[in-house]
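Student: Take a look at start-v9.txt, compact mmCIF, C-alpha atoms:
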# COMPACT_ATOMS: atom_id res chain seq x y z
CA MET A 1 -13.90 4.16 5.71
CA LEU A 2 -13.72 1.70 2.85
CA LEU A 3 -17.26 0.40 3.11
CA SER A 4 -20.35 1.56 4.94
CA THR A 5 -22.21 -1.40 6.40
CA ASN A 6 -25.08 0.86 7.47
CA ASP A 7 -26.20 1.47 3.89
CA LYS A 8 -29.51 0.04 2.75
CA GLN A 9 -27.67 -1.52 -0.17
CA PHE A 10 -25.38 -3.36 2.24
CA GLY A 11 -28.50 -4.72 3.91
CA PHE A 12 -29.68 -6.16 0.57
CA TRP A 13 -26.24 -7.66 0.01
CA ALA A 14 -26.18 -9.20 3.50
CA MET A 15 -29.63 -10.70 2.91
CA ARG A 16 -28.45 -12.24 -0.35
CA ARG A 17 -25.32 -13.55 1.41
CA SER A 18 -27.53 -15.33 3.91
CA GLY A 19 -29.10 -17.17 0.99
CA MET A 20 -32.22 -15.10 0.39
CA PRO A 21 -33.22 -14.82 -3.30
CA ASN A 22 -33.72 -11.37 -4.84
CA ILE A 23 -37.46 -11.82 -5.14
CA SER A 24 -37.75 -12.56 -1.41
CA ILE A 25 -35.67 -9.49 -0.54
CA ALA A 26 -37.92 -7.40 -2.79
CA ASN A 27 -41.09 -8.83 -1.26
CA GLN A 28 -39.83 -8.43 2.30
CA LEU A 29 -38.87 -4.79 1.77
CA GLY A 30 -41.82 -3.95 -0.49
CA ILE A 31 -39.70 -2.83 -3.44
CA SER A 32 -39.30 -4.03 -7.01
CA ARG A 33 -37.00 -6.90 -7.93
CA GLN A 34 -35.27 -4.58 -10.42
CA ALA A 35 -34.45 -2.14 -7.62
CA VAL A 36 -32.93 -4.97 -5.59
CA SER A 37 -30.90 -6.16 -8.60
CA ARG A 38 -29.61 -2.66 -9.28
CA ALA A 39 -28.70 -2.12 -5.62
CA LEU A 40 -26.91 -5.47 -5.51
CA LEU A 41 -24.91 -4.66 -8.64
CA ILE A 42 -23.74 -1.40 -7.07
CA MET A 43 -23.01 -3.16 -3.79
CA ASP A 44 -21.04 -5.93 -5.51
CA GLU A 45 -18.85 -3.28 -7.07
CA LYS A 46 -18.33 -1.60 -3.69
CA ILE A 47 -17.55 -4.93 -2.01
CA GLU A 48 -15.02 -5.83 -4.68
CA THR A 49 -13.37 -2.41 -4.46
CA ALA A 50 -13.20 -2.63 -0.67
CA LEU A 51 -11.66 -6.10 -0.74
CA ARG A 52 -9.13 -5.24 -3.43
CA LYS A 53 -8.15 -1.96 -1.77
CA MET A 54 -7.69 -3.70 1.55
CA ALA A 55 -5.57 -6.39 -0.14
CA ASN A 56 -3.53 -3.72 -1.87
CA ALA A 57 -3.05 -1.69 1.30
CA ASN A 58 -1.87 -4.78 3.20
CA GLN A 59 0.36 -6.09 0.40
CA ILE A 60 -1.71 -9.22 -0.07
CA ALA A 61 -1.43 -11.20 -3.29
CA ILE A 62 -4.95 -12.13 -4.29
CA GLU A 63 -5.71 -15.80 -4.83
CA LYS A 64 -9.50 -15.93 -4.79
CA ILE A 65 -12.33 -13.47 -4.42
CA ASN A 66 -15.95 -14.25 -3.77
CA ILE A 67 -17.93 -11.04 -4.05
CA GLU A 68 -21.25 -12.60 -3.03
CA GLN A 69 -19.68 -13.90 0.19
CA GLY A 70 -17.47 -10.82 0.63
CA ILE A 71 -14.34 -12.91 1.05
CA LEU A 72 -10.87 -12.55 -0.36
CA LEU A 73 -8.26 -15.25 0.07
CA GLY A 74 -4.66 -14.38 -0.51
CA ARG A 75 -1.13 -14.39 0.72
CA SER A 76 0.56 -11.58 2.63
CA ILE A 77 3.77 -10.71 0.81
CA PRO A 78 5.61 -9.08 3.73
CA PHE A 79 4.55 -11.74 6.26
CA GLN A 80 4.63 -14.70 3.88
CA THR A 81 1.45 -16.17 5.27
CA ALA A 82 -2.04 -17.08 4.12
CA THR A 83 -4.48 -14.22 4.63
CA ILE A 84 -8.23 -13.83 4.60
CA ILE A 85 -10.09 -10.58 4.16
CA PHE A 86 -13.78 -10.73 4.95
CA ILE A 87 -16.67 -8.38 5.47
CA SER A 88 -18.77 -8.53 8.57
CA GLY A 89 -21.96 -6.50 8.80
CA LYS A 90 -21.22 -5.70 12.43
CA HIS A 91 -17.43 -5.39 12.36
CA GLY A 92 -16.69 -4.12 8.84
CA VAL A 93 -13.75 -5.21 6.72
CA GLN A 94 -11.35 -7.52 8.55
CA VAL A 95 -7.91 -8.92 7.74
CA TRP A 96 -6.77 -12.13 9.44
CA TYR A 97 -3.49 -13.97 9.03
CA GLU A 98 -2.89 -17.70 9.32
CA HIS A 99 -0.78 -18.21 12.41
CA GLU A 100 -1.36 -19.20 15.98
CA GLY A 101 -2.04 -16.02 17.91
CA ASN A 102 -1.10 -15.71 21.56
CA CYS A 103 -4.69 -15.15 22.70
CA GLY A 104 -3.90 -15.57 26.40
CA THR A 105 -1.93 -12.34 26.52
CA CYS A 106 -3.80 -10.42 23.83
CA GLN A 107 -5.79 -7.36 24.88
CA ARG A 108 -8.29 -7.91 22.07
CA TYR A 109 -9.24 -11.41 23.21
CA THR A 110 -12.91 -10.53 23.88
CA GLU A 111 -13.29 -8.55 20.67
CA CYS A 112 -11.89 -11.46 18.66
CA ILE A 113 -14.27 -13.96 20.27
CA GLU A 114 -17.25 -11.66 19.64
CA LEU A 115 -16.14 -11.02 16.07
CA ILE A 116 -15.89 -14.74 15.29
CA TRP A 117 -19.27 -15.49 16.88
CA ASP A 118 -20.94 -12.58 15.09
CA TYR A 119 -19.39 -13.45 11.75
CA ALA A 120 -20.32 -17.14 12.11
CA ASP A 121 -23.89 -16.05 12.91
CA GLU A 122 -23.96 -13.75 9.87
CA LEU A 123 -22.96 -16.67 7.64
CA ASN A 124 -25.21 -19.15 9.48
CA ILE A 125 -22.18 -21.33 10.19
CA LYS A 126 -22.15 -23.41 13.34
CA ILE A 127 -18.82 -23.56 15.16
CA LYS A 128 -17.74 -25.07 18.44
CA ARG A 129 -17.52 -22.39 21.10
CA SER A 130 -14.11 -22.67 22.72
CA ALA A 131 -11.95 -20.33 24.77
CA ASP A 132 -9.36 -20.09 22.02
CA PRO A 133 -10.36 -17.56 19.31
CA THR A 134 -7.51 -18.59 17.04
CA LYS A 135 -8.82 -22.17 16.94
CA MET A 136 -12.43 -21.04 16.54
CA ALA A 137 -11.25 -18.91 13.64
CA GLU A 138 -9.50 -21.93 12.16
CA GLU A 139 -12.75 -23.90 12.24
CA LEU A 140 -14.77 -20.98 10.88
CA PHE A 141 -12.39 -20.08 8.08
CA THR A 142 -11.98 -23.71 7.01
CA LYS A 143 -15.74 -23.76 6.47
CA VAL A 144 -15.71 -20.31 4.87
CA LYS A 145 -12.89 -21.27 2.49
CA ALA A 146 -14.79 -24.36 1.43
CA SER A 147 -17.66 -22.13 0.30
CA VAL A 148 -15.46 -19.75 -1.72
CA MET B 1 3.93 -38.86 4.14
CA THR B 2 4.26 -35.27 2.94
CA SER B 3 0.51 -34.76 3.00
CA ARG B 4 0.32 -36.28 6.49
CA LEU B 5 3.03 -33.86 7.64
CA SER B 6 1.21 -30.88 6.13
CA VAL B 7 -1.98 -31.97 7.91
CA VAL B 8 -0.13 -32.14 11.24
CA ILE B 9 1.52 -28.74 10.70
CA HIS B 10 -1.79 -27.26 9.61
CA GLY B 11 -3.31 -28.56 12.85
CA TRP B 12 -0.91 -26.37 14.84
CA LEU B 13 -1.96 -23.25 12.99
CA GLY B 14 -4.82 -20.93 13.70
CA TRP B 15 -5.92 -17.51 12.52
CA CYS B 16 -5.36 -14.14 14.13
CA PRO B 17 -5.92 -10.52 13.08
CA ASN B 18 -2.55 -9.53 14.55
CA VAL B 19 0.56 -9.52 12.46
CA PRO B 20 2.34 -12.85 12.93
CA ALA B 21 4.90 -12.62 15.74
CA GLY B 22 8.39 -13.10 14.39
CA ALA B 23 7.00 -13.05 10.89
CA ARG B 24 9.46 -12.56 8.11
CA ARG B 25 9.33 -8.84 7.80
CA HIS B 26 11.79 -8.72 4.95
CA VAL B 27 10.82 -9.73 1.48
CA ASN B 28 13.35 -12.20 0.20
CA LEU B 29 13.96 -11.51 -3.45
CA SER B 30 15.61 -14.86 -3.93
CA ASN B 31 12.09 -16.27 -3.64
CA GLU B 32 9.41 -15.61 -6.17
CA VAL B 33 7.53 -12.51 -5.12
CA MET B 34 3.87 -12.73 -5.97
CA ALA B 35 2.47 -9.68 -7.68
CA ILE B 36 -1.00 -8.49 -6.83
CA SER B 37 -3.13 -9.70 -9.67
CA SER B 38 -5.27 -7.04 -11.27
CA ASN B 39 -8.03 -9.47 -12.08
CA GLY B 40 -7.90 -11.56 -8.94
CA GLY B 41 -7.46 -14.67 -11.00
CA ASP B 42 -4.18 -16.28 -11.94
CA LEU B 43 -1.20 -14.82 -10.17
CA PRO B 44 1.74 -13.77 -12.27
CA ALA B 45 4.92 -14.42 -10.31
CA GLU B 46 7.49 -11.71 -10.84
CA LYS B 47 10.57 -10.40 -9.17
CA TYR B 48 11.04 -6.78 -8.37
CA GLY B 49 13.06 -5.30 -11.16
CA TRP B 50 16.01 -2.95 -11.43
CA LEU B 51 13.78 0.08 -11.66
CA GLN B 52 11.97 -0.87 -8.45
CA ARG B 53 15.21 -0.58 -6.52
CA PHE B 54 14.67 2.75 -4.80
CA ARG B 55 18.20 4.04 -5.30
CA ASN B 56 18.08 3.24 -9.03
CA TRP B 57 14.88 5.23 -9.31
CA ILE B 58 16.52 8.15 -7.51
CA LEU B 59 19.58 7.83 -9.77
CA LEU B 60 17.36 8.13 -12.85
CA GLN B 61 15.74 11.23 -11.39
CA ALA B 62 19.13 12.71 -10.58
CA LEU B 63 20.35 12.06 -14.11
CA PHE B 64 17.15 13.54 -15.56
CA TYR B 65 17.45 16.80 -13.63
CA THR B 66 21.21 17.01 -14.14
CA ALA B 67 20.67 16.71 -17.89
CA PHE B 68 19.34 20.28 -17.80
CA ILE B 69 22.73 21.62 -16.67
CA PRO B 70 24.61 21.09 -19.96
CA VAL B 71 21.60 22.51 -21.81
CA PHE B 72 21.60 25.74 -19.83
CA MET B 73 25.22 25.94 -18.71
CA PRO B 74 26.51 27.67 -21.88
CA LEU B 75 24.11 30.47 -21.02
CA PHE B 76 25.39 30.65 -17.46
CA VAL B 77 29.06 31.10 -18.16
CA THR B 78 28.99 34.68 -17.05
CA GLY B 79 29.75 35.34 -13.42
CA ALA B 80 26.29 36.61 -12.47
CA TYR B 81 24.42 33.49 -13.63
CA LEU B 82 27.04 31.20 -12.21
CA SER B 83 26.69 32.91 -8.84
CA VAL B 84 22.91 32.48 -8.93
CA PHE B 85 23.36 28.83 -9.89
CA MET B 86 25.67 28.40 -6.90
CA VAL B 87 23.12 30.15 -4.67
CA GLY B 88 20.51 27.65 -5.92
CA MET B 89 22.82 24.79 -4.98
CA ILE B 90 23.42 26.26 -1.52
CA ILE B 91 19.66 26.69 -0.91
CA ALA B 92 19.09 23.11 -2.14
CA THR B 93 21.82 21.84 0.17
CA LEU B 94 20.27 23.64 3.14
CA ALA B 95 16.82 22.28 2.22
CA PHE B 96 18.25 18.77 2.06
CA VAL B 97 20.05 19.13 5.38
CA VAL B 98 16.75 20.17 6.98
CA SER B 99 14.84 17.20 5.51
CA ALA B 100 17.58 14.53 5.67
CA HIS B 101 16.67 13.50 9.21
CA ARG B 102 13.01 12.99 8.21
CA LEU B 103 14.03 10.92 5.19
CA TRP B 104 16.36 8.79 7.31
CA ARG B 105 13.52 8.19 9.78
CA GLN B 106 11.22 7.19 6.92
CA TYR B 107 13.70 4.54 5.77
CA ASN B 108 14.02 3.32 9.36
CA ASP B 109 10.22 3.05 9.49
CA VAL B 110 10.33 0.86 6.40
CA LEU B 111 12.96 -1.29 8.10
CA ALA B 112 10.90 -1.59 11.29
CA GLN B 113 7.61 -2.40 9.58
CA GLY B 114 8.90 -4.37 6.60
CA TYR B 115 7.10 -1.97 4.32
CA ARG B 116 5.66 1.51 4.33
CA GLU B 117 2.81 2.76 2.30
CA GLU B 118 2.16 6.24 1.03
CA SER B 119 -1.47 7.08 0.43
CA GLY B 120 -2.73 8.32 -2.90
CA THR B 121 -4.14 11.46 -1.26
CA LYS B 122 -0.79 12.54 0.13
CA ARG B 123 0.89 11.98 -3.22
CA THR B 124 -1.86 13.91 -5.01
CA VAL B 125 -1.42 16.88 -2.64
CA ILE B 126 2.35 16.86 -3.26
CA LEU B 127 1.79 16.61 -7.01
CA TYR B 128 -0.60 19.57 -6.97
CA LEU B 129 1.88 21.60 -4.90
CA VAL B 130 4.66 20.85 -7.40
CA ILE B 131 2.39 21.72 -10.34
CA ALA B 132 1.32 24.97 -8.64
CA THR B 133 4.96 25.94 -7.92
CA VAL B 134 6.11 25.17 -11.47
CA SER B 135 3.11 27.06 -12.91
CA LEU B 136 3.92 30.10 -10.75
CA LEU B 137 7.54 30.03 -11.86
CA VAL B 138 6.53 29.74 -15.52
CA CYS B 139 4.09 32.65 -15.12
CA PHE B 140 6.83 34.65 -13.44
CA GLU B 141 9.20 33.92 -16.32
CA ILE B 142 6.56 34.91 -18.88
CA LEU B 143 5.95 38.19 -17.04
CA ILE B 144 9.69 38.92 -17.08
CA PHE B 145 9.90 37.94 -20.75
CA VAL B 146 7.05 40.18 -21.89
CA GLY B 147 8.40 43.04 -19.81
CA PHE B 148 5.74 43.27 -17.08
CA ILE B 149 8.43 42.73 -14.47
CA SER B 150 11.52 44.75 -15.07
CA GLY B 151 14.95 44.74 -13.47
CA ILE B 152 15.24 40.94 -13.36
CA ASP B 153 17.07 38.95 -16.00
CA PHE B 154 15.07 36.24 -17.79
CA LEU B 155 17.73 33.58 -17.12
CA ILE B 156 18.18 34.29 -13.41
CA LEU B 157 15.32 32.01 -12.32
CA PRO B 158 16.37 28.97 -14.44
CA ALA B 159 19.92 29.43 -13.17
CA LEU B 160 18.61 29.35 -9.60
CA MET B 161 16.31 26.37 -10.19
CA ILE B 162 18.95 24.26 -11.90
CA GLY B 163 21.02 24.57 -8.75
CA PHE B 164 18.30 22.44 -7.16
CA SER B 165 19.21 19.48 -9.38
CA ILE B 166 21.75 18.59 -6.70
CA ILE B 167 18.94 17.37 -4.37
CA PRO B 168 18.37 13.91 -5.99
CA TRP B 169 22.13 13.30 -5.76
CA TYR B 170 22.04 14.05 -2.05
CA VAL B 171 19.06 11.71 -1.62
CA LEU B 172 20.90 9.03 -3.59
CA LEU B 173 23.92 9.44 -1.31
CA LEU B 174 21.66 9.21 1.75
CA VAL B 175 20.03 6.00 0.46
CA ILE B 176 23.42 4.45 -0.31
CA ILE B 177 24.70 5.33 3.18
CA TRP B 178 21.50 4.00 4.77
CA GLU B 179 21.67 0.76 2.81
CA SER B 180 25.32 0.16 3.63
CA LYS B 181 24.72 0.99 7.30
CA THR B 182 21.71 -1.30 7.71
CA GLY B 183 22.69 -4.04 5.27
CA CYS B 184 19.28 -3.72 3.64
CA ARG B 185 18.07 -2.68 0.24
CA LEU B 186 15.11 -0.42 -0.35
CA TYR B 187 12.60 -1.29 -3.02
CA PHE B 188 9.35 0.33 -3.95
CA ASP B 189 6.22 -0.86 -5.62
CA ARG B 190 3.50 1.16 -7.25
CA LYS B 191 0.01 -0.30 -7.47
CA GLY B 192 -2.60 2.17 -8.59
CA GLU B 193 -2.87 4.98 -6.07
CA HIS B 194 -0.55 3.35 -3.57
CA VAL B 195 3.20 3.42 -3.40
CA SER B 196 4.83 0.98 -1.02
CA MET B 197 8.42 0.72 0.06
CA PHE B 198 9.97 -2.61 0.98
CA VAL B 199 13.13 -3.63 2.68
CA VAL B 200 15.19 -6.56 1.53
CA ARG B 201 18.08 -7.93 3.55
CA GLU B 202 21.40 -8.35 1.81
CA HIS B 203 22.45 -11.98 1.64
Transcribe the structure of this file into structure tokens.
Tutor:
Amino acid sequence: MLLSTNDKQFGFWAMRRSGMPNISIANQLGISRQAVSRALLIMDEKIETALRKMANANQIAIEKINIEQGILLGRSIPFQTATIIFISGKHGVQVWYEHEGNCGTCQRYTECIELIWDYADELNIKIKRSADPTKMAEELFTKVKASV
Amino acid sequence: MTSRLSVVIHGWLGWCPNVPAGARRHVNLSNEVMAISSNGGDLPAEKYGWLQRFRNWILLQALFYTAFIPVFMPLFVTGAYLSVFMVGMIIATLAFVVSAHRLWRQYNDVLAQGYREESGTKRTVILYLVIATVSLLVCFEILIFVGFISGIDFLILPALMIGFSIIPWYVLLLVIIWESKTGCRLYFDRKGEHVSMFVVREH
């Protein structure tokens, strides 16, 4: 596995991603601010490595990386399409391609819907709940890309 | 007008974790191929070069290993060494015949998937196996040279091993046949630990 989302350090990182300052994380967990900073530095390195390795493994040319958000925007070389790699606390590292998926016949329809809802919740982004995951993803990723 | 069109087209698109259906699985070298930026910033656009053509890489390896033949051949002019050299070539030919089907299937996999990636771990294991084999052979030669192993000529083993230099030529031939049969060209790309193979359609 590229990245363990069960680590305590990942928890700190997820809290920071949701907008919590280091001092609040430290206070909430009863640890020093220095410990939080150190953990976040290590986690940032892990996040960056995970994103870059995933991009490399999937032949994705990197365009933008936001370590604090855990998002990599790029372009798939073999598929010649825009690609997003993101990290979800619940679903791990994910790679999505820009194209209209055939959700009606896809066996992973439910998983995709859940993933998008969970990821939107993790980022505190409000999206319209529709029956088409590919469109929900479009709305979510448009908002995500704006923040990168 | 152009921006309006791009907005309309963008409206048709969505996002999906599946590989795009009917996606272009073949990298078109006539387009600029974007290289994976090491710093994640600006993207250098570069085309895959001559050395990244798989068969050229194999050709270089074949030439490298064959270069040992003229170095050692004057020593092998006697019948005994020449016979051992021929035995080496026969063993190499048999080894290639056994593995040719697997290699052919690997190239077909690349064709089917657009690219194929070899993990760093697998390559490391192979590297260690090669290093271990070469080390054993060198030790064996040293033992013969210093007289710990008697009854075997010092030059027998090199004569046998140089017979194996035929293998890259066989692989080269296989790649050329595969490329002419499929109308595709094989390229490879090395990024850090990963080695990827790509297929490019002939125009």
Student: With distances taken over only C-alpha atoms, which residue among B:Gly183, B:Ser83, B:Trp169, B:Ile69 lies nearest Asn56 of chain B?
Tutor: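 Using only C-alpha atoms, Asn56 of chain B sits closest to B:Trp169.
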Student: At a cut-off of 8 Å, can you tabulate as a tab-separated table every residue of chain A near chain B together with its closest atom pair and the distance in Å to one decimal, using only C-alpha atoms and ordering rows by chain then number?
Tutor:
residue	atom	partner	partner_atom	distance
A:Asn56	CA	B:Ile36	CA	7.3
A:Ala57	CA	B:Glu117	CA	7.4
A:Gln59	CA	B:Ile36	CA	7.7
A:Ile60	CA	B:Ile36	CA	6.8
A:Ala61	CA	B:Ile36	CA	4.5
A:Ile62	CA	B:Gly40	CA	5.5
A:Glu63	CA	B:Gly40	CA	6.3
A:Lys64	CA	B:Gly40	CA	6.2
A:Ile65	CA	B:Gly40	CA	6.6
A:Ile77	CA	B:Met34	CA	7.1
A:Pro78	CA	B:Arg25	CA	5.5
A:Phe79	CA	B:Arg24	CA	5.3
A:Gln80	CA	B:Arg24	CA	6.8
A:Gln94	CA	B:Pro17	CA	7.7
A:Val95	CA	B:Pro17	CA	5.9
A:Trp96	CA	B:Pro17	CA	4.1
A:Tyr97	CA	B:Cys16	CA	5.4
A:Glu98	CA	B:Trp15	CA	4.4
A:His99	CA	B:Gly14	CA	5.0
A:Glu100	CA	B:Gly14	CA	4.5
A:Gly101	CA	B:Cys16	CA	5.4
A:Pro133	CA	B:Cys16	CA	8.0
A:Thr134	CA	B:Gly14	CA	4.9
A:Lys135	CA	B:Gly14	CA	5.3
A:Ala137	CA	B:Trp15	CA	5.6
A:Glu138	CA	B:Gly14	CA	5.0
Student: Grab the atom CA of Met86 of chain B to atom CA of Ser165 of chain B distance for me, in Å with one decimal place.
Tutor: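 Atom CA of Met86 of chain B sits 11.3 Å away from atom CA of Ser165 of chain B.
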Student: Which centre and edge lengths in Å to one decimal define the box along x, y and z that fits every listed atom of segment 143-148 of chain A plus 5 Å per side, as AutoDock Vina command-line options?
Tutor:
--center_x -15.3 --center_y -22.1 --center_z 2.4 --size_x 14.8 --size_y 14.6 --size_z 18.2
Student: What separation in Å, quoted to one decimal, exists between atom CA of Arg129 of chain A and atom CA of Leu72 of chain A?
Tutor: 24.5 Å
Student: Tell me, in Å to one decimal, how far atom CA of Ile131 of chain B is from atom CA of Lys53 of chain A.
Tutor: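 These two atoms are separated by 27.3 Å.
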Student: Residues within 12 Å of Lys46 of chain A, please, as a list in words. Count all atoms listed in the file; anything in the same chain fewer than 2 positions from it doesn't count.
Tutor: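 Surrounding residues, per the criterion: Met1, Leu2, Leu3, Ser4, Thr5, Asp7, Gln9, Phe10, Trp13, Ala39, Leu40, Leu41, Ile42, Met43, Asp44, Glu48, Thr49, Ala50, Leu51, Arg52, Lys53, Ile67, Glu68, Gly70, Ile87 and Val93 of chain A.
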Student: Calculated over all atoms listed in the file, which of the candidates B:Cys139, B:Val134, B:Ala95, B:Ile156 has the smallest distance to Leu82 of chain B?
Tutor: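 For Leu82 of chain B, the nearest of the candidates is B:Ile156.
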Student: What residues have an atom no more than 8 Å from (22.6, 22.9, -4.5) in the file's own frame, counting only C-alpha atoms, and can you write them as a PyMOL selection string?
Tutor: chain B and resi 86-93+163-167
Student: Closest to Cys103 of chain A among A:Met136, A:Lys128, A:Ser76, A:Asp121, using all atoms listed in the file?
Tutor: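 Among the listed residues, A:Met136 lies closest to Cys103 of chain A.
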Student: Contacts of Asn124 of chain A at 10 Å or less, counting only C-alpha atoms, minus same-chain residues fewer than 3 places along, as a PyMOL selection string?
Tutor: chain A and resi 17-19+118-121+127
Student: From the options A:Lys143, A:Val148, A:Ala131, A:Ile47, which residue's atoms come nearest to Ala14 of chain A, counting all atoms listed in the file?
Tutor: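 Smallest separation from Ala14 of chain A among the options: A:Ile47.
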